file run.cif (mmCIF, C-alpha atoms)
data_query
#
loop_
_atom_site.label_atom_id
_atom_site.label_comp_id
_atom_site.auth_asym_id
_atom_site.auth_seq_id
_atom_site.Cartn_x
_atom_site.Cartn_y
_atom_site.Cartn_z
CA MET A 1 -0.98 -4.16 7.37
CA LEU A 2 1.12 -5.68 4.59
CA VAL A 3 4.50 -7.01 5.72
CA ARG A 4 7.51 -7.59 3.46
CA VAL A 5 10.81 -9.06 4.76
CA GLU A 6 13.83 -8.43 2.54
CA ASN A 7 16.60 -10.35 4.32
CA PRO A 8 15.20 -12.59 7.08
CA THR A 9 17.56 -13.00 10.02
CA GLY A 10 15.35 -14.84 12.49
CA SER A 11 16.40 -12.50 15.31
CA PRO A 12 14.05 -12.12 18.32
CA SER A 13 13.34 -8.48 17.45
CA GLU A 14 12.53 -9.41 13.83
CA ARG A 15 10.19 -12.21 14.90
CA ALA A 16 8.43 -9.89 17.32
CA LEU A 17 7.94 -7.21 14.66
CA ILE A 18 6.63 -9.73 12.12
CA ASP A 19 4.18 -11.23 14.62
CA TRP A 20 2.90 -7.83 15.74
CA LEU A 21 2.63 -6.16 12.35
CA THR A 22 0.94 -9.13 10.67
CA SER A 23 -1.65 -9.21 13.48
CA TRP A 24 -2.92 -5.75 12.44
CA GLN A 25 -5.73 -6.89 10.21
CA GLY A 26 -9.30 -5.69 9.88
CA PRO A 27 -11.15 -2.52 10.88
CA GLY A 28 -9.64 -0.42 13.65
CA HIS A 29 -6.06 -1.57 13.05
CA PRO A 30 -3.31 0.54 11.46
CA GLN A 31 -3.09 0.21 7.69
CA GLY A 32 -0.06 0.39 5.43
CA VAL A 33 2.93 -1.63 4.28
CA ALA A 34 6.00 -2.51 6.35
CA THR A 35 9.41 -3.51 5.00
CA LEU A 36 11.82 -5.26 7.35
CA ASN A 37 15.63 -5.39 7.10
CA CYS A 38 15.85 -2.99 4.17
CA HIS A 39 18.74 -0.56 3.70
CA LEU A 40 19.62 2.78 2.15
CA SER A 41 23.00 3.92 0.85
CA HIS A 42 23.01 7.69 1.20
CA ARG A 43 25.96 10.09 1.16
CA ASP A 44 28.52 7.29 1.47
CA GLU A 45 26.73 5.87 4.51
CA LEU A 46 24.90 2.54 4.62
CA ASN A 47 21.79 2.78 6.76
CA ARG A 48 20.25 -0.53 7.77
CA PHE A 49 16.62 -0.24 8.84
CA ASP A 50 15.05 -2.79 11.12
CA ALA A 51 11.73 -1.70 9.66
CA VAL A 52 10.23 1.11 7.61
CA VAL A 53 6.45 1.39 7.83
CA TRP A 54 4.49 3.42 5.29
CA THR A 55 0.92 4.34 6.19
CA PRO A 56 -1.45 6.63 4.28
CA THR A 57 -0.50 9.43 6.69
CA SER A 58 3.13 8.82 7.64
CA CYS A 59 6.44 7.05 7.21
CA VAL A 60 8.03 5.56 10.34
CA VAL A 61 11.54 4.16 10.76
CA ILE A 62 11.63 1.57 13.55
CA GLU A 63 14.81 0.70 15.39
CA ALA A 64 14.07 -2.53 17.28
CA ASP A 65 16.45 -3.80 19.97
CA VAL A 66 16.24 -6.52 22.58
CA LEU A 67 17.22 -5.30 26.03
CA GLU A 68 19.76 -7.75 27.43
CA THR A 69 19.83 -7.22 31.17
CA ASP A 70 18.91 -9.00 34.38
CA ILE A 71 18.10 -5.74 36.15
CA ASP A 72 14.50 -4.76 36.74
CA GLY A 73 13.46 -1.15 37.14
CA VAL A 74 13.05 2.06 35.19
CA LEU A 75 14.90 2.54 31.92
CA ASP A 76 15.92 6.19 31.71
CA ILE A 77 16.13 7.48 28.13
CA PRO A 78 17.75 10.93 27.88
CA LEU A 79 17.68 12.98 24.71
CA ASN A 80 21.47 12.57 24.52
CA GLY A 81 23.77 10.29 26.42
CA PRO A 82 23.77 6.68 27.66
CA TRP A 83 20.67 4.81 28.73
CA THR A 84 20.54 3.56 32.31
CA ILE A 85 18.46 1.32 34.55
CA GLU A 86 18.46 2.45 38.16
CA GLY A 87 21.62 4.43 37.42
CA ALA A 88 23.51 1.54 35.81
CA PRO A 89 24.47 2.03 32.10
CA VAL A 90 22.84 -0.39 29.69
CA ALA A 91 24.35 -1.35 26.34
CA ILE A 92 21.67 -1.91 23.73
CA GLY A 93 22.16 -2.73 20.08
CA ARG A 94 24.99 -3.35 17.66
CA ASP A 95 27.36 -0.38 18.19
CA GLU A 96 28.29 2.36 20.62
CA ARG A 97 25.31 4.51 19.64
CA THR A 98 22.11 4.35 21.63
CA PRO A 99 18.98 3.07 19.85
CA LEU A 100 17.68 6.65 19.86
CA ASP A 101 20.85 7.91 18.16
CA ARG A 102 20.59 5.18 15.51
CA SER A 103 16.92 5.94 14.98
CA ARG A 104 17.70 9.64 14.60
CA ASP A 105 20.51 8.98 12.10
CA HIS A 106 18.41 6.60 10.00
CA THR A 107 15.36 8.85 10.06
CA HIS A 108 17.31 11.90 8.92
CA ALA A 109 18.99 9.88 6.16
CA LEU A 110 15.64 8.66 4.79
CA GLN A 111 14.12 12.14 5.11
CA ASP A 112 17.00 13.66 3.12
CA TRP A 113 16.82 10.92 0.50
CA LEU A 114 13.09 11.49 0.01
CA ALA A 115 13.57 15.27 -0.15
CA GLU A 116 16.08 14.87 -2.99
CA ARG A 117 13.40 12.99 -4.92
CA GLY A 118 10.60 15.48 -4.45
CA LEU A 119 8.99 13.84 -1.41
CA GLY A 120 10.47 16.11 1.23
CA GLN A 121 7.12 17.49 2.36
CA ARG A 122 6.32 14.09 3.86
CA ALA A 123 7.55 13.83 7.44
CA VAL A 124 9.51 10.76 8.51
CA HIS A 125 9.16 9.69 12.13
CA GLY A 126 11.58 7.63 14.17
CA VAL A 127 10.71 5.03 16.80
CA SER A 128 13.06 3.20 19.12
CA LEU A 129 11.34 -0.05 20.06
CA VAL A 130 12.86 -1.58 23.19
CA ILE A 131 11.96 -5.24 23.72
CA PRO A 132 12.71 -6.39 27.31
CA PRO A 133 13.57 -9.97 28.22
CA SER A 134 10.65 -12.26 28.92
CA GLY A 135 9.41 -11.79 32.48
CA ALA A 136 11.47 -8.65 33.12
CA ALA A 137 9.79 -5.79 35.00
CA ILE A 138 10.93 -2.80 32.94
CA GLU A 139 9.34 0.61 32.51
CA ILE A 140 10.48 3.54 30.37
CA ARG A 141 11.08 7.08 31.59
CA GLN A 142 11.50 9.46 28.68
CA ALA A 143 12.66 12.86 29.92
CA TRP A 144 11.99 14.74 26.67
CA SER A 145 9.34 15.29 24.06
CA ASP A 146 9.90 15.32 20.30
CA PRO A 147 7.05 14.84 17.80
CA SER A 148 9.45 13.20 15.31
CA PHE A 149 11.04 10.68 17.69
CA ASP A 150 9.71 8.37 20.36
CA ALA A 151 10.75 5.40 22.47
CA ILE A 152 8.30 2.56 23.02
CA LEU A 153 8.51 -0.42 25.35
CA GLY A 154 7.83 -3.50 23.26
CA THR A 155 6.26 -5.84 25.78
CA ASP A 156 3.29 -6.50 23.47
CA PRO A 157 1.89 -5.17 20.18
CA ASP A 158 -0.61 -2.83 21.88
CA ARG A 159 1.78 0.04 22.58
CA LEU A 160 3.18 0.11 19.05
CA ARG A 161 -0.32 -0.17 17.61
CA HIS A 162 -1.47 2.72 19.81
CA TYR A 163 1.45 4.82 18.54
CA PHE A 164 0.40 4.32 14.90
CA THR A 165 -3.26 4.93 15.74
CA VAL A 166 -2.48 8.27 17.38
CA LEU A 167 -0.13 9.19 14.53
CA ALA A 168 -2.84 8.48 11.96
CA GLN A 169 -5.26 10.76 13.80
CA SER A 170 -2.81 13.66 13.95
CA GLU A 171 -1.57 13.54 10.34
CA LYS A 172 -3.27 14.01 6.98
CA HIS A 173 -3.33 11.74 3.96
CA LEU A 174 0.06 12.43 2.39
CA TRP A 175 1.33 9.14 0.98
CA THR A 176 -0.24 7.93 -2.24
CA ALA A 177 0.17 4.50 -3.81
CA ASN A 178 2.44 6.08 -6.44
CA ASP A 179 4.63 7.62 -3.70
CA VAL A 180 5.08 4.22 -2.05
CA ALA A 181 5.88 2.58 -5.40
CA TYR A 182 8.40 5.33 -6.20
CA ALA A 183 10.10 4.87 -2.81
CA PHE A 184 10.20 1.09 -3.21
CA ARG A 185 11.87 1.39 -6.62
CA GLY A 186 14.46 3.84 -5.29
CA LEU A 187 15.28 1.67 -2.28
CA GLY A 188 15.72 -1.45 -4.42
CA LEU A 189 12.53 -2.99 -3.02
CA LEU A 190 10.70 -3.47 -6.33
CA PRO A 191 10.49 -7.28 -5.82
CA TYR A 192 8.54 -6.59 -2.61
CA LEU A 193 6.23 -3.87 -3.97
CA PRO A 194 2.54 -4.74 -3.35
CA SER A 195 0.08 -4.53 -6.20
CA PRO A 196 -1.89 -1.29 -6.75
CA GLN A 197 -5.09 -2.88 -5.49
CA GLU A 198 -3.38 -4.03 -2.29
CA LEU A 199 -2.10 -0.51 -1.59
CA LEU A 200 -5.50 1.03 -2.32
CA ASN A 201 -7.09 -1.49 0.05
CA GLU A 202 -4.66 -0.31 2.73
CA GLY A 203 -5.94 3.26 2.37
CA PHE A 204 -3.32 4.80 0.07
CA LEU A 205 -4.75 7.24 -2.44
CA GLY A 206 -4.68 7.00 -6.25
CA PRO A 207 -4.55 7.48 -9.15
CA ILE A 208 -2.16 4.75 -10.27
CA ASP A 209 0.81 5.14 -12.62
CA ILE A 210 1.36 1.54 -13.73
CA ASP A 211 4.82 2.40 -15.10
CA LEU A 212 6.06 2.40 -11.50
CA TRP A 213 5.22 -1.31 -11.28
CA HIS A 214 7.00 -2.15 -14.55
CA GLY A 215 9.60 -4.90 -14.15
CA GLY A 216 8.31 -6.10 -10.80
CA PRO A 217 6.45 -9.30 -9.87
CA THR A 218 3.14 -7.40 -9.61
CA GLN A 219 3.39 -5.76 -13.06
CA ALA A 220 0.67 -8.03 -14.49
CA GLN A 221 -1.65 -7.17 -11.60
CA ALA A 222 -1.01 -3.46 -12.16
CA GLU A 223 -1.84 -3.78 -15.86
CA ALA A 224 -4.99 -5.76 -15.08
CA TYR A 225 -6.03 -3.06 -12.60
CA ALA A 226 -5.45 -0.34 -15.23
CA ASP A 227 -7.58 -2.28 -17.75
CA GLU A 228 -10.35 -2.65 -15.18
CA VAL A 229 -10.32 1.08 -14.40
CA ALA A 230 -10.36 1.94 -18.11
CA GLN A 231 -13.34 -0.37 -18.66
CA LEU A 232 -15.22 1.19 -15.74
CA GLU A 233 -14.58 4.65 -17.19
CA ARG A 234 -15.87 3.55 -20.59
CA ASP A 235 -18.96 2.03 -19.01
CA ALA A 236 -19.60 5.23 -17.06
CA ARG A 237 -19.63 7.44 -20.16
CA PRO A 238 -23.13 8.37 -21.34
CA ARG A 239 -24.00 6.78 -24.67
CA LEU A 240 -25.55 8.82 -27.47
CA ILE A 241 -27.88 5.96 -28.36
CA ARG A 242 -29.13 3.68 -25.62
CA ALA A 243 -29.71 0.11 -26.62
CA PRO A 244 -33.33 -1.07 -26.07
CA TRP A 245 -34.14 -3.86 -23.68
CA TYR A 246 -34.40 -6.37 -26.53
CA SER A 247 -30.87 -5.62 -27.80
CA PRO A 248 -28.74 -8.80 -28.12
CA TRP A 249 -26.13 -7.13 -25.90
CA LYS A 250 -28.75 -6.48 -23.21
CA LEU A 251 -30.35 -9.91 -23.40
CA TYR A 252 -27.00 -11.72 -23.51
CA PRO A 253 -24.47 -9.34 -21.88
CA ARG A 254 -20.72 -9.89 -21.88
CA GLN A 255 -19.05 -10.71 -18.57
CA SER A 256 -15.58 -9.38 -17.77
CA GLY A 257 -12.94 -12.09 -17.72
CA ASP A 258 -15.35 -14.77 -18.97
CA ILE A 259 -15.76 -16.14 -22.50
CA ASP A 260 -19.20 -17.70 -22.97
CA MET A 261 -19.48 -19.24 -26.44
CA GLY A 262 -23.19 -19.92 -25.94
CA LYS A 263 -24.05 -16.30 -25.18
CA GLY A 264 -21.78 -15.15 -28.01
CA TRP A 265 -23.60 -17.40 -30.48
CA MET A 266 -26.98 -16.15 -29.26
CA ARG A 267 -25.89 -12.52 -29.61
CA VAL A 268 -24.70 -13.04 -33.19
CA THR A 269 -27.73 -15.11 -34.20
CA LEU A 270 -30.20 -12.65 -32.69
CA ALA A 271 -28.42 -9.69 -34.30
CA ILE A 272 -28.49 -11.37 -37.74
CA GLY A 273 -32.17 -12.24 -37.28
CA MET A 274 -33.00 -8.63 -36.40
CA VAL A 275 -31.15 -7.35 -39.47
CA VAL A 276 -33.01 -9.82 -41.71
CA ALA A 277 -36.34 -8.79 -40.14
CA VAL A 278 -35.63 -5.09 -40.71
CA VAL A 279 -34.59 -5.67 -44.34
CA TRP A 280 -37.65 -7.83 -45.01
CA SER A 281 -39.96 -5.23 -43.41
CA ALA A 282 -38.43 -2.47 -45.53
CA TRP A 283 -38.83 -4.60 -48.67
CA PHE A 284 -42.44 -5.35 -47.78
CA VAL A 285 -43.28 -1.66 -47.24
CA LEU A 286 -41.60 -0.64 -50.49
CA SER A 287 -43.47 -3.38 -52.32
CA LEU A 288 -46.80 -2.09 -51.02
CA LEU A 289 -45.93 1.46 -51.93
CA SER A 290 -44.91 0.49 -55.44
CA MET A 291 -48.09 -1.51 -55.90
CA TYR A 292 -50.70 0.98 -54.64
CA VAL A 293 -49.02 4.40 -54.93
CA PHE A 294 -46.86 4.36 -58.00
CA ASP A 295 -49.17 2.25 -60.22
#
call {"tool": "encode", "arguments": {"input": "run.cif", "output": "C-alpha cells"}}
result
Amino acid sequence: MLVRVENPTGSPSERALIDWLTSWQGPGHPQGVATLNCHLSHRDELNRFDAVVWTPTSCVVIEADVLETDIDGVLDIPLNGPWTIEGAPVAIGRDERTPLDRSRDHTHALQDWLAERGLGQRAVHGVSLVIPPSGAAIEIRQAWSDPSFDAILGTDPDRLRHYFTVLAQSEKHLWTANDVAYAFRGLGLLPYLPSPQELLNEGFLGPIDIDLWHGGPTQAQAEAYADEVAQLERDARPRLIRAPWYSPWKLYPRQSGDIDMGKGWMRVTLAIGMVVAVVWSAWFVLSLLSMYVFD
C-alpha cells in the first residue's frame, strides 16, 4: 500500500492511519494508494477527507475519529440519529454530524464528482473508523446493513485490513492506473501521484497514458517507463532477417541504460572487418572468373 499525506496534522487518528496503512506490505495485504487529508470542492461545498484509498477494485472514503469517552460498553450506531454508549449520547468528531453522516456526505460528493468525469460506474464506499481510547473496552453494535457504508472499530489494523480484503474479493478490477492518475489531477493531488510502475506494482491495470503524469514530480519516471515499453515492443517484433550468431550485435550486444565504449568499438571494428572480408572475397572470385572464364 502506497501512502501519501497532503497536509500532515499529527492528530492521533492520522498517526494511526499512517501506521496501519504503511504496514500493509507484501503478499496477502491490500494493495493500492491512500491519500490522507485531501479535500474536494464540489457544488459549493468543501469536503475534507481523512483518507481516500484507491485499490484495483474499489475506492474507499475513510472518516477516522477518536472516541473521547471514559465509558466502557457497547457503542450503538443507528442508521440515523445520535450514537450512544449504554444509552448515553456520545459526541464524536468536529461538528454536530455523526461520523456516519460525514462519511455518507463525503462519499456521495466524491461519487458525484467522479460521475461528472466519466468514472461514475466505479462505486465509492464509505467507512467510519472509530478509534477508542487506549485501554477502553468498547464494542460496536451496528443495527443496519449497507454495502456502501460500514463502521469499523479501530483498535488495531486487523479489522480495517480485513474490510479491504473482503472488499477486494467481492469486487472486480475497475480502477486502472490511468483512472487513478486522472482522479489525482482533478483533486489537485498531482504532486503526490505515484509513478506508473508503482501503480502497476500495486495491481492497477494498464495501459499507461503518460500525458496524465505531465507536470508532476514523476513525469520523468513515466517517460522512462514509456520508453522501456516501446523498446520491449520493438524487441518483440519478428525480424525479416535474423542476425547470425557471429553478428557483431550478437557477439557484443547493447545493454539498456549502459554505454560501453569497449563493446561499441568491438562492434564497429568487427563490422568493418566483415565488410572488408566480403569485398575482398568478391574481388577474388571475380578475378578468378576473369582469368579462367573470360580469357
call {"tool": "atom_distance", "arguments": {"input": "run.cif", "atom1": "atom CA of Ile138 of chain A", "atom2": "atom CA of Leu75 of chain A"}}
result
6.7 Å
call {"tool": "closest_residue", "arguments": {"input": "run.cif", "among": "A:Leu114, A:Ser13, A:Val33, A:Tyr182", "to": "Pro133 of chain A", "atoms": "only C-alpha atoms"}}
result
A:Ser13
call {"tool": "resolve_selection", "arguments": {"input": "run.cif", "expression": "the PyMOL selection byres ((chain A and resi 181) around 8)", "output": "NGL selection string"}}
result
:A and (177-180 or 182-185 or 190 or 193 or 212-213)
call {"tool": "resolve_selection", "arguments": {"input": "run.cif", "expression": "the PyMOL selection byres ((chain A and resi 220-227) around 9)", "output": "ChimeraX atom specification"}}
result
/A:195-197,208-211,213-214,216-219,228-232
call {"tool": "atom_distance", "arguments": {"input": "run.cif", "atom1": "atom CA of Pro78 of chain A", "atom2": "atom CA of Ser148 of chain A"}}
result
15.2 Å
call {"tool": "closest_residue", "arguments": {"input": "run.cif", "among": "A:Gln121, A:Ser287, A:Thr55, A:Gln142", "to": "Thr84 of chain A", "atoms": "all atoms listed in the file"}}
result
A:Gln142
call {"tool": "closest_residue", "arguments": {"input": "run.cif", "among": "A:Gln31, A:Thr22, A:Asn80, A:Thr98", "to": "Asn201 of chain A", "atoms": "all atoms listed in the file"}}
result
A:Gln31
call {"tool": "residues_around", "arguments": {"input": "run.cif", "residues": "Pro30 of chain A", "least_positions_apart": "2", "cutoff": "12 Å", "atoms": "all atoms listed in the file", "output": "number ranges by chain"}}
result
A: 1-2, 20-28, 32-34, 53-58, 157-158, 160-169, 202-203
call {"tool": "residues_around", "arguments": {"input": "run.cif", "residues": "Glu86 of chain A", "least_positions_apart": "2", "cutoff": "7 Å", "atoms": "all atoms listed in the file", "output": "list in words"}}
result
Gly73, Val74, Thr84 and Ala88 of chain A
call {"tool": "write_last_selection", "arguments": {"input": "run.cif", "atoms": "C-alpha atoms", "output": "PDB file, in the coordinates of the input"}}
result
ATOM      1  CA  GLY A  73      13.460  -1.150  37.140  1.00  0.00           C
ATOM      2  CA  VAL A  74      13.050   2.060  35.190  1.00  0.00           C
ATOM      3  CA  THR A  84      20.540   3.560  32.310  1.00  0.00           C
ATOM      4  CA  ALA A  88      23.510   1.540  35.810  1.00  0.00           C
TER       5      ALA A  88
END
call {"tool": "atom_distance", "arguments": {"input": "run.cif", "atom1": "atom CA of Trp175 of chain A", "atom2": "atom CA of Leu187 of chain A"}}
result
16.2 Å
call {"tool": "closest_residue", "arguments": {"input": "run.cif", "among": "A:Ile140, A:Ile92, A:Leu153, A:Cys59", "to": "Gln111 of chain A", "atoms": "all atoms listed in the file"}}
result
A:Cys59
call {"tool": "residues_around", "arguments": {"input": "run.cif", "residues": "Leu67 of chain A", "least_positions_apart": "2", "cutoff": "9 Å", "atoms": "all atoms listed in the file", "output": "JSON, numbers by chain"}}
result
{"A": [65, 69, 90, 91, 92, 93, 130, 131, 132, 133]}
call {"tool": "residues_near_point", "arguments": {"input": "run.cif", "point": "(5.0, 15.2, 18.5)", "cutoff": "12 Å", "atoms": "all atoms listed in the file", "output": "mmCIF file with C-alpha atoms, in the coordinates of the input"}}
result
data_model
loop_
_atom_site.group_PDB
_atom_site.id
_atom_site.type_symbol
_atom_site.label_atom_id
_atom_site.label_comp_id
_atom_site.auth_asym_id
_atom_site.auth_seq_id
_atom_site.Cartn_x
_atom_site.Cartn_y
_atom_site.Cartn_z
ATOM 1 C CA ALA A 123 7.550 13.830 7.440
ATOM 2 C CA VAL A 124 9.510 10.760 8.510
ATOM 3 C CA HIS A 125 9.160 9.690 12.130
ATOM 4 C CA GLY A 126 11.580 7.630 14.170
ATOM 5 C CA VAL A 127 10.710 5.030 16.800
ATOM 6 C CA TRP A 144 11.990 14.740 26.670
ATOM 7 C CA SER A 145 9.340 15.290 24.060
ATOM 8 C CA ASP A 146 9.900 15.320 20.300
ATOM 9 C CA PRO A 147 7.050 14.840 17.800
ATOM 10 C CA SER A 148 9.450 13.200 15.310
ATOM 11 C CA PHE A 149 11.040 10.680 17.690
ATOM 12 C CA ASP A 150 9.710 8.370 20.360
ATOM 13 C CA TYR A 163 1.450 4.820 18.540
ATOM 14 C CA VAL A 166 -2.480 8.270 17.380
ATOM 15 C CA LEU A 167 -0.130 9.190 14.530
ATOM 16 C CA SER A 170 -2.810 13.660 13.950
ATOM 17 C CA GLU A 171 -1.570 13.540 10.340
#
call {"tool": "residues_near_point", "arguments": {"input": "run.cif", "point": "(23.7, 7.6, -0.3)", "cutoff": "10 Å", "atoms": "only C-alpha atoms", "output": "PyMOL selection string"}}
result
chain A and resi 40-47+109-110+112-113
